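Shown below: upload-v9.tsv, with TSV, C-alpha atoms.
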```
chain	number	residue	atom	x	y	z
A	1	MET	CA	0.00	0.00	0.00
A	2	THR	CA	1.33	3.41	-0.84
A	3	ILE	CA	0.67	6.66	0.94
A	4	SER	CA	2.00	8.94	-1.80
A	5	THR	CA	-0.38	10.76	-4.12
A	6	ALA	CA	2.29	12.91	-5.74
A	7	LEU	CA	2.15	12.88	-9.52
A	8	GLY	CA	5.04	11.26	-11.30
A	9	HIS	CA	5.43	8.44	-8.80
A	10	ASP	CA	5.09	4.89	-10.07
A	11	TRP	CA	1.94	3.62	-8.36
A	12	ALA	CA	-1.40	2.38	-9.55
A	13	MET	CA	-3.48	2.13	-6.38
A	14	VAL	CA	-3.57	3.95	-3.07
A	15	LEU	CA	-5.58	3.93	0.15
A	16	ARG	CA	-5.63	7.49	1.38
A	17	ARG	CA	-7.38	9.55	4.00
A	18	GLN	CA	-10.37	11.35	2.51
A	19	ALA	CA	-10.14	15.11	2.50
A	20	ALA	CA	-12.98	17.06	4.05
A	21	ARG	CA	-13.03	19.13	0.85
A	22	THR	CA	-10.94	19.83	-2.23
A	23	ALA	CA	-10.14	22.94	-4.23
A	24	ASP	CA	-8.53	22.87	-7.67
A	25	GLY	CA	-8.12	19.10	-7.33
A	26	GLN	CA	-6.04	19.36	-4.15
A	27	PRO	CA	-7.13	18.48	-0.61
A	28	THR	CA	-7.64	21.58	1.51
A	29	GLY	CA	-8.13	21.99	5.20
A	30	ARG	CA	-8.89	19.03	7.39
A	31	TYR	CA	-9.17	15.37	6.61
A	32	THR	CA	-12.01	13.11	7.67
A	33	ASP	CA	-11.61	9.83	9.56
A	34	ALA	CA	-12.68	8.03	6.38
A	35	PHE	CA	-10.40	6.49	3.77
A	36	GLU	CA	-10.78	5.97	0.03
A	37	VAL	CA	-9.28	3.64	-2.57
A	38	ILE	CA	-7.93	5.35	-5.69
A	39	CYS	CA	-7.11	3.03	-8.62
A	40	ARG	CA	-5.46	4.62	-11.63
A	41	ASP	CA	-5.69	1.32	-13.54
A	42	CYS	CA	-9.50	1.67	-13.37
A	43	GLY	CA	-9.34	5.24	-14.69
A	44	ASP	CA	-9.45	7.16	-11.40
A	45	ASP	CA	-7.31	10.21	-10.80
A	46	PRO	CA	-6.32	11.37	-7.29
A	47	ARG	CA	-6.75	14.98	-8.37
A	48	TRP	CA	-10.49	14.50	-8.97
A	49	ALA	CA	-12.91	15.34	-6.19
A	50	TYR	CA	-15.18	12.49	-5.13
A	51	ARG	CA	-18.25	14.19	-6.59
A	52	ASN	CA	-16.53	14.51	-9.99
A	53	VAL	CA	-15.70	10.83	-10.53
A	54	PRO	CA	-18.12	8.40	-12.23
A	55	HIS	CA	-20.42	6.40	-9.96
A	56	ARG	CA	-18.49	3.16	-10.58
A	57	LEU	CA	-15.36	4.84	-9.21
A	58	GLN	CA	-17.29	6.39	-6.31
A	59	ARG	CA	-18.33	2.85	-5.29
A	60	LEU	CA	-14.67	1.79	-5.30
A	61	ARG	CA	-13.46	4.94	-3.54
A	62	GLY	CA	-15.72	4.42	-0.58
A	63	PRO	CA	-15.58	6.07	1.95
A	64	TYR	CA	-14.35	3.36	4.32
A	65	TRP	CA	-13.29	3.18	7.92
A	66	MET	CA	-9.63	2.10	8.17
A	67	GLU	CA	-10.16	-1.66	8.54
A	68	ALA	CA	-12.79	-1.82	5.79
A	69	GLY	CA	-10.59	0.37	3.57
A	70	VAL	CA	-7.64	-1.98	3.90
A	71	ALA	CA	-9.93	-4.93	3.10
A	72	ALA	CA	-11.34	-3.11	0.03
A	73	TYR	CA	-7.83	-2.19	-1.12
A	74	GLU	CA	-6.62	-5.78	-0.78
A	75	ALA	CA	-9.71	-7.21	-2.51
A	76	HIS	CA	-9.36	-4.77	-5.41
A	77	PHE	CA	-5.64	-5.51	-5.71
A	78	GLU	CA	-6.38	-9.26	-5.81
A	79	TRP	CA	-9.07	-8.64	-8.45
A	80	HIS	CA	-6.46	-6.93	-10.65
A	81	GLU	CA	-3.97	-9.76	-10.05
A	82	ALA	CA	-6.57	-12.37	-11.04
A	83	SER	CA	-7.52	-10.38	-14.15
A	84	ALA	CA	-3.91	-10.10	-15.36
```

Taking this structure as input, can you express it in the form of structure tokens?
Amino acid sequence: MTISTALGHDWAMVLRRQAARTADGQPTGRYTDAFEVICRDCGDDPRWAYRNVPHRLQRLRGPYWMEAGVAAYEAHFEWHEASA
């Protein structure tokens, strides 16, 4: 699991803390206690606000509490591995 959302890094999926709000595609202010799964291989982009991603990606993103987020991340990772 990676914690980096910086562009230019070699990663496809991340479990990150969900921002309370975003401005210009960047988290601003506080973060919630919820987490979200971002999967670039599925077409998601960490710069997009939750409300701006398609519903199929919103379902993947969550939000999740930490334990459920880790489980969702692992399940989605395994799905990609099985599909490869």

*Atomic separation - atom CA of Arg30 of chain A relative to atom CA of Phe77 of chain A, Å*: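 For atom CA of Phe77 of chain A relative to atom CA of Arg30 of chain A, the distance reads 28.0 Å.
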
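Take atom CA of Leu15 of chain A and atom CA of Val70 of chain A: the distance between them is 7.3 Å.
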
*asked:* Could you check the closest approach to Arg59 of chain A for each of A:Glu81, A:Glu74, A:Asp45, A:Glu36 and tell me which residue wins, using all atoms listed in the file?
replied: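 Among A:Glu81, A:Glu74, A:Asp45, A:Glu36, it is A:Glu36 that comes nearest to Arg59 of chain A.
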
*asked:* With distances taken over all atoms listed in the file, which residue among A:Trp79, A:Gln58, A:Ala20, A:Ala72 lies nearest Gly43 of chain A?
replied: A:Gln58

Find the axis-aligned box for segment 36-45 of chain A, covering all its listed atoms and adding 8 Å on each side, and write its centre and edge lengths in Å to one decimal as JSON.
```
{"center_x": -8.1, "center_y": 5.8, "center_z": -7.3, "size_x": 21.3, "size_y": 24.9, "size_z": 30.7}
```

_Shell of 8 Å around Val37 of chain A, all atoms listed in the file, local chain residues under 6 positions omitted, as a PyMOL selection string_ = chain A and resi 13-16+60-62+69+72-73

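Note that atom CA of Arg17 of chain A and atom CA of Ala34 of chain A are 6.0 Å apart.
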
Segment 15-73 of chain A from the block above: C-alpha atoms written as a CSV table (one decimal), in the first residue's frame:
```
chain,number,residue,atom,x,y,z
A,15,LEU,CA,-5.6,3.9,0.1
A,16,ARG,CA,-5.6,7.5,1.4
A,17,ARG,CA,-7.4,9.6,4.0
A,18,GLN,CA,-10.4,11.3,2.5
A,19,ALA,CA,-10.1,15.1,2.5
A,20,ALA,CA,-13.0,17.1,4.0
A,21,ARG,CA,-13.0,19.1,0.9
A,22,THR,CA,-10.9,19.8,-2.2
A,23,ALA,CA,-10.1,22.9,-4.2
A,24,ASP,CA,-8.5,22.9,-7.7
A,25,GLY,CA,-8.1,19.1,-7.3
A,26,GLN,CA,-6.0,19.4,-4.1
A,27,PRO,CA,-7.1,18.5,-0.6
A,28,THR,CA,-7.6,21.6,1.5
A,29,GLY,CA,-8.1,22.0,5.2
A,30,ARG,CA,-8.9,19.0,7.4
A,31,TYR,CA,-9.2,15.4,6.6
A,32,THR,CA,-12.0,13.1,7.7
A,33,ASP,CA,-11.6,9.8,9.6
A,34,ALA,CA,-12.7,8.0,6.4
A,35,PHE,CA,-10.4,6.5,3.8
A,36,GLU,CA,-10.8,6.0,0.0
A,37,VAL,CA,-9.3,3.6,-2.6
A,38,ILE,CA,-7.9,5.3,-5.7
A,39,CYS,CA,-7.1,3.0,-8.6
A,40,ARG,CA,-5.5,4.6,-11.6
A,41,ASP,CA,-5.7,1.3,-13.5
A,42,CYS,CA,-9.5,1.7,-13.4
A,43,GLY,CA,-9.3,5.2,-14.7
A,44,ASP,CA,-9.5,7.2,-11.4
A,45,ASP,CA,-7.3,10.2,-10.8
A,46,PRO,CA,-6.3,11.4,-7.3
A,47,ARG,CA,-6.8,15.0,-8.4
A,48,TRP,CA,-10.5,14.5,-9.0
A,49,ALA,CA,-12.9,15.3,-6.2
A,50,TYR,CA,-15.2,12.5,-5.1
A,51,ARG,CA,-18.3,14.2,-6.6
A,52,ASN,CA,-16.5,14.5,-10.0
A,53,VAL,CA,-15.7,10.8,-10.5
A,54,PRO,CA,-18.1,8.4,-12.2
A,55,HIS,CA,-20.4,6.4,-10.0
A,56,ARG,CA,-18.5,3.2,-10.6
A,57,LEU,CA,-15.4,4.8,-9.2
A,58,GLN,CA,-17.3,6.4,-6.3
A,59,ARG,CA,-18.3,2.9,-5.3
A,60,LEU,CA,-14.7,1.8,-5.3
A,61,ARG,CA,-13.5,4.9,-3.5
A,62,GLY,CA,-15.7,4.4,-0.6
A,63,PRO,CA,-15.6,6.1,1.9
A,64,TYR,CA,-14.4,3.4,4.3
A,65,TRP,CA,-13.3,3.2,7.9
A,66,MET,CA,-9.6,2.1,8.2
A,67,GLU,CA,-10.2,-1.7,8.5
A,68,ALA,CA,-12.8,-1.8,5.8
A,69,GLY,CA,-10.6,0.4,3.6
A,70,VAL,CA,-7.6,-2.0,3.9
A,71,ALA,CA,-9.9,-4.9,3.1
A,72,ALA,CA,-11.3,-3.1,0.0
A,73,TYR,CA,-7.8,-2.2,-1.1
```
